[in-house]
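Some notes on the structure that comes next.
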There are 2 protein chains.
Amino acid sequence: MSTDSRSPAADAELQRALDAVGDPVRRSILRQLATADPWTIACGQFDLPVGKSTLTHHFRSLVEAGLLEQRDEGNRRMNRLMRAEFDRRFPGLLDLVLHDRSAT
Amino acid sequence: MSTDSRSPAADAELQRALDAVGDPVRRSILRQLATADPWTIACGQFDLPVGKSTLTHHFRSLVEAGLLEQRDEGNRRMNRLMRAEFDRRFPGLLDLVLHDRSAT
DNA sequence: GAGTATGTTCGACGTTGATCGAACATCCCA
DNA sequence: TGGGATGTTCGATCAACGTCGAACATACTC
């Protein structure tokens with residue numbers, strides 16, 4: 001059986017995307033972000049059961065995976081879900097997280 | 001900000017699916033399986049850089065996630081990729097793993 | 001300027017998961 | 001019946017990751 005292996009760079013990107021989406025706290029961030037208008041919600045305003053430093057960690061993951069974009073606005077750090085961009089790279093993945101209608 | 005939280009059962013299913021697909025060895029299994037006819041390939045015939053016991057572990061993950069099905073055939077354990085079934089539950093996810101054409 | 005709110009950085013901790021090797025079970029074949 | 005092949009189970013190990021709290025930086029407000 002011949003060694004499969006996609007292009008290593010492509011699989012590394014996929015790995016980061018799956019890792020980002022694979023954590024429940026991060027999925028919660030994505031869902032809450034999807035319900036709000038772009039740039040209207042700051043990091044501290046999410047309803048999440050983790051401390052501040054943990055939050056910072058999760059946001060970094062999401063940014064590195066290309067899932068969201070941040071912008072400083074005075075005191076606060078505002079967020080935008082990069083939906084179109086991410087859908088272009090990984091079609092269907094974000095929808096899976098946001099809709100999540102799997103058979104019970 | 002109101003607590004989001006999908007139906008917990010649904011998110012647990014999604015979690016298992018993402019976990020299953022989130023490991024490079026398991027992705028390799030899925031890809032090799034996708035190139036062969038159903039029930040034509042046994043567990044030991046994969047080109048993988050891990051030991052036997054590790055393999056068993058990965059196959060269990062994939063079965064529990066609903067990604068493949070196994071059947072004993074004498075000595076060997078044959079496999080079938082449950083493509084249609086999994087696509088129905090998580091549209092696009094398996095395609096993402098199999099095609100993996102992300103911009104380099 | 002003092003005090004408060006928002007985020008980040010850093011080090012530490014605990015858990016989880018991937019990995020291995022050895023022992024075992026099962027089946028096929030000579 | 002004995003030997004070889006295929007998988008599984010079990011216990012141990014190691015690395016990665018999510019989590020926290022304390023200290024720090026920065027910006028807004030009074």
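Labels used: A, B, ... for chains in the order of the structure tokens, numbers from 1 for residues in each chain, and numbers from 1 for ligands as shown.
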
task: Could you tell me, as a PyMOL selection string, which residues of chain B DSSP assigns to strand (DSSP E or B) when given the backbone?
output: chain B and resi 41-42+68-73+76-81

Restricting the output to N, CA and C atoms, write the selected residues as a PDB file, in the first residue's frame.
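The resulting file, again07.pdb, is shown below:
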ATOM      1  N   ILE B  41     -10.061  -4.398   2.313  1.00  0.00           N
ATOM      2  CA  ILE B  41      -8.797  -4.080   2.965  1.00  0.00           C
ATOM      3  C   ILE B  41      -8.882  -4.327   4.475  1.00  0.00           C
ATOM      4  N   ALA B  42      -7.894  -5.049   4.986  1.00  0.00           N
ATOM      5  CA  ALA B  42      -7.864  -5.421   6.401  1.00  0.00           C
ATOM      6  C   ALA B  42      -7.018  -4.432   7.200  1.00  0.00           C
ATOM      7  N   LEU B  68     -16.359   4.267  10.031  1.00  0.00           N
ATOM      8  CA  LEU B  68     -16.169   3.001   9.335  1.00  0.00           C
ATOM      9  C   LEU B  68     -16.784   1.851  10.106  1.00  0.00           C
ATOM     10  N   GLU B  69     -16.901   0.769   9.399  1.00  0.00           N
ATOM     11  CA  GLU B  69     -17.582  -0.422   9.862  1.00  0.00           C
ATOM     12  C   GLU B  69     -16.628  -1.581   9.666  1.00  0.00           C
ATOM     13  N   GLN B  70     -16.663  -2.551  10.594  1.00  0.00           N
ATOM     14  CA  GLN B  70     -15.731  -3.659  10.493  1.00  0.00           C
ATOM     15  C   GLN B  70     -16.468  -4.981  10.460  1.00  0.00           C
ATOM     16  N   ARG B  71     -15.813  -5.960   9.871  1.00  0.00           N
ATOM     17  CA  ARG B  71     -16.410  -7.292   9.744  1.00  0.00           C
ATOM     18  C   ARG B  71     -15.278  -8.311   9.773  1.00  0.00           C
ATOM     19  N   ASP B  72     -15.445  -9.307  10.620  1.00  0.00           N
ATOM     20  CA  ASP B  72     -14.413 -10.328  10.712  1.00  0.00           C
ATOM     21  C   ASP B  72     -14.522 -11.293   9.553  1.00  0.00           C
ATOM     22  N   GLU B  73     -13.384 -11.586   8.984  1.00  0.00           N
ATOM     23  CA  GLU B  73     -13.350 -12.501   7.845  1.00  0.00           C
ATOM     24  C   GLU B  73     -12.215 -13.470   8.111  1.00  0.00           C
ATOM     25  N   ARG B  76      -8.763 -12.137   9.468  1.00  0.00           N
ATOM     26  CA  ARG B  76      -8.580 -10.706   9.361  1.00  0.00           C
ATOM     27  C   ARG B  76      -9.851  -9.910   9.623  1.00  0.00           C
ATOM     28  N   ARG B  77      -9.663  -8.627   9.926  1.00  0.00           N
ATOM     29  CA  ARG B  77     -10.787  -7.736  10.190  1.00  0.00           C
ATOM     30  C   ARG B  77     -10.883  -6.744   9.035  1.00  0.00           C
ATOM     31  N   MET B  78     -11.907  -6.888   8.245  1.00  0.00           N
ATOM     32  CA  MET B  78     -12.064  -6.061   7.049  1.00  0.00           C
ATOM     33  C   MET B  78     -12.799  -4.763   7.380  1.00  0.00           C
ATOM     34  N   ASN B  79     -12.600  -3.766   6.525  1.00  0.00           N
ATOM     35  CA  ASN B  79     -13.142  -2.437   6.804  1.00  0.00           C
ATOM     36  C   ASN B  79     -13.927  -1.876   5.625  1.00  0.00           C
ATOM     37  N   ARG B  80     -14.913  -1.063   5.995  1.00  0.00           N
ATOM     38  CA  ARG B  80     -15.686  -0.347   4.985  1.00  0.00           C
ATOM     39  C   ARG B  80     -15.861   1.096   5.431  1.00  0.00           C
ATOM     40  N   LEU B  81     -15.563   2.023   4.569  1.00  0.00           N
ATOM     41  CA  LEU B  81     -15.773   3.437   4.871  1.00  0.00           C
ATOM     42  C   LEU B  81     -17.262   3.750   4.778  1.00  0.00           C
TER      43      LEU B  81
END

message: When you look at D:DT26 with a cut-off of 9 Å (counting only C-alpha atoms (C1' of nucleotides)), what residues show up, excluding the ones that are within fewer than 6 positions of it in the same chain? I need them as a PyMOL selection string.
response: (chain A and resi 75) or (chain C and resi 6-7)

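Using only C-alpha atoms (C1' of nucleotides), the part of chain C that sits within 9 Å of chain B is made up of DA18, DT19, DC20, DT26, DC27 and DC28 of chain C.
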
- request: Provide as JSON, numbers by chain the residues of chain D at most 7 Å from chain A, counting only C-alpha atoms (C1' of nucleotides).
  value: {"D": [19, 27, 28]}

Within 10 Å of chain B, which residues of chain A show up? Give each one with its shortest atom-to-atom distance in Å (one decimal) and the two atoms involved, counting only C-alpha atoms, rows by chain then rising residue number, as CSV.
residue,atom,partner,partner_atom,distance
A:Met1,CA,B:Asp47,CA,5.7
A:Ser2,CA,B:Asp47,CA,6.6
A:Thr3,CA,B:Asp47,CA,5.9
A:Asp4,CA,B:Ser28,CA,6.8
A:Ser5,CA,B:Ser28,CA,7.0
A:Arg6,CA,B:Asp100,CA,7.5
A:Ser7,CA,B:Thr104,CA,8.6
A:Pro8,CA,B:Thr104,CA,9.4
A:Ala9,CA,B:Thr104,CA,6.3
A:Ala10,CA,B:Ser102,CA,5.5
A:Asp11,CA,B:Asp100,CA,7.1
A:Ala12,CA,B:Pro24,CA,9.5
A:Glu13,CA,B:Ser102,CA,7.3
A:Leu14,CA,B:Asp100,CA,7.4
A:Gln15,CA,B:Gly22,CA,6.6
A:Arg16,CA,B:Gly22,CA,9.1
A:Ala17,CA,B:Gly22,CA,9.2
A:Leu18,CA,B:Gly22,CA,5.8
A:Asp19,CA,B:Gly22,CA,6.6
A:Val21,CA,B:Leu18,CA,7.8
A:Gly22,CA,B:Leu18,CA,5.8
A:Asp23,CA,B:Gln15,CA,8.0
A:Pro24,CA,B:Gln15,CA,7.9
A:Arg27,CA,B:Ser5,CA,9.4
A:Ser28,CA,B:Asp4,CA,6.8
A:Ile29,CA,B:Asp4,CA,9.2
A:Arg31,CA,B:Asp4,CA,7.3
A:Gln32,CA,B:Asp4,CA,6.8
A:Gln45,CA,B:Met1,CA,7.1
A:Phe46,CA,B:Met1,CA,6.4
A:Asp47,CA,B:Met1,CA,5.8
A:Leu48,CA,B:Thr3,CA,8.0
A:Arg88,CA,B:Ser102,CA,8.8
A:Arg89,CA,B:Ser102,CA,5.5
A:Phe90,CA,B:Leu96,CA,6.8
A:Pro91,CA,B:Gly92,CA,6.9
A:Gly92,CA,B:Gly92,CA,5.2
A:Leu93,CA,B:Leu93,CA,6.2
A:Leu94,CA,B:Leu93,CA,9.9
A:Asp95,CA,B:Pro91,CA,9.2
A:Leu96,CA,B:Phe90,CA,6.8
A:Val97,CA,B:Leu14,CA,8.0
A:Leu98,CA,B:Arg6,CA,9.1
A:His99,CA,B:Arg6,CA,8.7
A:Asp100,CA,B:Ala10,CA,6.8
A:Arg101,CA,B:Ala10,CA,6.8
A:Ser102,CA,B:Arg89,CA,5.5
A:Ala103,CA,B:Arg89,CA,6.9
A:Thr104,CA,B:Ala10,CA,5.9

task: Rounded to one decimal place, report the atom C1' of C:DA5-atom C1' of D:DC24 distance in Å.
output: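 One can read the atom C1' of C:DA5 to atom C1' of D:DC24 distance as 14.4 Å.
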